[in-house]
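Visitor: My questions will all concern the structure given below.
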Amino acid sequence: MPKKIKEGFGVWAYLLFVGLTFLTFAVSVSLGSVRVPLGDTIRLIWKALWRLPLPQTASSPAIILSVRLPRVLSVALTGAALSLCGGAMQGLLRNPLADGSTLGVSSGASLGAVIAIAFGLTMPSLPFAGTMVMAILFAFLSLLIILTLAYKLDHSLSTNTIILIGIIYSMFVSSILSFIITYASDRVRQITFWTMGSLNGSSYGNALVLLLTLLVFGSVILAHARELNAFAIGEDNAHHIGINTRRIKLTIMIAVSVLIGVSVSIGGTIGFVGLVTPHMVRMITGPNHKKLFPASLFGGAIFLMLADLLARTLLNPTELPLGVVTSFIGAIVFVLIFYRSRRQGHA
């Protein structure tokens, strides 16, 4: 990407991101097993938004407003959250391969949620809160364990060490998940499909929880963009210019854990969004986190909405798990990023 484009990235570029996000959103709501014209979809959403009378003769209002709209809203918000988490972790660790899925954080969150599902851990007033709390808790504990082990083995927290520990931890979690599935025979189908990642059946309540979580903890990450820019010159140098690096690391880790935990508790394991999107957006915005983070929010929403659309329509009427699609795309991009980083390291 030419340097002039990165330096000129400003208001018009953000407006383009916003426009692409809304266009992708409208197309995603329109297409599916039953196709609804784009114009009709936009009119239906507009009338519902302003509580205007809806046509009662066709089935389109029920399909659009009750099924697809809450699902696509949840998909967009999940993509934005996971992408922002990936960008934050990459900036914090100065590692282009850092992401919830490559670090094993998503696997840890999955383990917490599966334990809640298998053992029926719920809260009386909020049935899904038990799954969500366990996912958040295990995501944070997983991040602490992985970074602690990596630091013990390599004080420089190199890319290879962190990725290796993340892979080993993910394999360990996978073995525990298999053990739980073996002894939770009555819920095997629910757990298995959930671990593949899917936002099928998402409700407006799910979308509201994702929105509130993103507003609170996403704002925390956005507010620390300047400090993460300082991390690019090294943690010691950032400390010398007056940044409380320990507090920043803990704050970002908590925010990332909550966002990943909530996303996993609602949509299951959806890997590689936080790896693919920030890396692609960085080619446009450059490394400045003040520009990267807002663009990653829109980029993540667009990426996951397109992946979900592909999952719904590729083998219609059969629906692919969303996590399968993102993992397929992410695995290819992961290899390309790793190859590129290795070449730059030897250059």
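We name chains A, B, ... following the order of the structure tokens; residues begin at 1 in each chain, and ligands are numbered from 1 as shown.
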Excluding same-chain residues fewer than 2 positions from segment 138-148 of chain A, what lies within 8 Å of it counting only C-alpha atoms, as a PyMOL selection string?
Guide: chain A and resi 103-109+111-112+134-136+150-152+157+162+165-166+169+253-254+257-258+260-261
Visitor: Which neighbours of Val333 of chain A fall inside 9 Å, counting only C-alpha atoms, when residues of the same chain fewer than 3 positions from it are skipped, and could you give them as an mmCIF file with C-alpha atoms, in the first residue's frame?
Guide:
```
data_model
loop_
_atom_site.group_PDB
_atom_site.id
_atom_site.type_symbol
_atom_site.label_atom_id
_atom_site.label_comp_id
_atom_site.auth_asym_id
_atom_site.auth_seq_id
_atom_site.Cartn_x
_atom_site.Cartn_y
_atom_site.Cartn_z
ATOM 1 C CA PHE A 272 -9.039 -15.924 12.949
ATOM 2 C CA LEU A 275 -5.892 -12.077 12.883
ATOM 3 C CA VAL A 276 -7.139 -11.447 9.364
ATOM 4 C CA PHE A 328 -10.570 -21.824 6.302
ATOM 5 C CA ILE A 329 -9.917 -18.234 5.248
ATOM 6 C CA GLY A 330 -7.860 -17.482 8.355
ATOM 7 C CA LEU A 336 0.822 -15.821 4.244
ATOM 8 C CA ILE A 337 1.384 -13.481 7.212
ATOM 9 C CA PHE A 338 3.828 -15.902 8.847
#
```
Visitor: Asn206 of chain A: which residues within 10 Å, counting only C-alpha atoms, same-chain residues fewer than 2 positions away excluded, as a list in words?
Guide: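 Answer for this query is Pro70, Arg71, Leu73, Ser74, Leu77, Phe128, Leu199, Gly201, Ser202, Ser203, Tyr204, Leu208, Val209, Leu210, Leu211, Val262, Ser263, Ser265, Ile266 and Gly267 of chain A.
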Visitor: Compare A:Pro55, A:Pro317, A:Gly91, A:Gly32 by their minimum atom-to-atom distance to Ile248 of chain A, counting only C-alpha atoms, and give me the closest one.
Guide: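 When distances to Ile248 of chain A are compared using only C-alpha atoms, the smallest one comes from A:Gly91.
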Visitor: How would you write, as a PyMOL selection string, the set of residues in segment 122-346 of chain A that DSSP gives as alpha helix (DSSP H)?
Guide: chain A and resi 129-153+159-183+188-196+204-213+219-223+225-231+235-240+245-267+273-285+289-313+322-346
Visitor: From the set A:Ala98, A:Leu121, A:Leu38, A:Leu315, which residue has the shortest atom-to-atom contact distance to Thr277 of chain A, counting only C-alpha atoms?
Guide: A:Ala98
Visitor: Would you pick out the contacts of Val36 of chain A at 10 Å or less, using only C-alpha atoms, so that residues sharing its chain but fewer than 4 positions from it are not included, and give the list as a PyMOL selection string?
Guide: chain A and resi 27+29-32+40-41+59-61+63-64
Visitor: Could you please take those selected residues and save C-alpha atoms as a CSV table (one decimal), in the first residue's frame?
Guide:
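Below is the file out21.csv, written as the result:
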```csv
chain,number,residue,atom,x,y,z
A,27,VAL,CA,-27.1,-7.3,1.3
A,29,VAL,CA,-30.1,-9.3,5.4
A,30,SER,CA,-31.5,-9.5,1.9
A,31,LEU,CA,-29.9,-12.8,0.8
A,32,GLY,CA,-30.5,-16.3,2.1
A,40,ASP,CA,-37.7,-4.1,-0.1
A,41,THR,CA,-35.3,-5.0,2.7
A,59,SER,CA,-43.7,-13.4,4.6
A,60,SER,CA,-40.8,-11.0,4.1
A,61,PRO,CA,-41.4,-9.0,7.3
A,63,ILE,CA,-38.1,-13.4,7.7
A,64,ILE,CA,-36.3,-10.0,7.7
```
Visitor: Show me, as a list of chain:residue names, the residues that have an atom within 8 Å of Leu20 of chain A when counting only C-alpha atoms, minus same-chain residues fewer than 4 positions from it.
Guide: A:Leu16, A:Thr24, A:Ile302
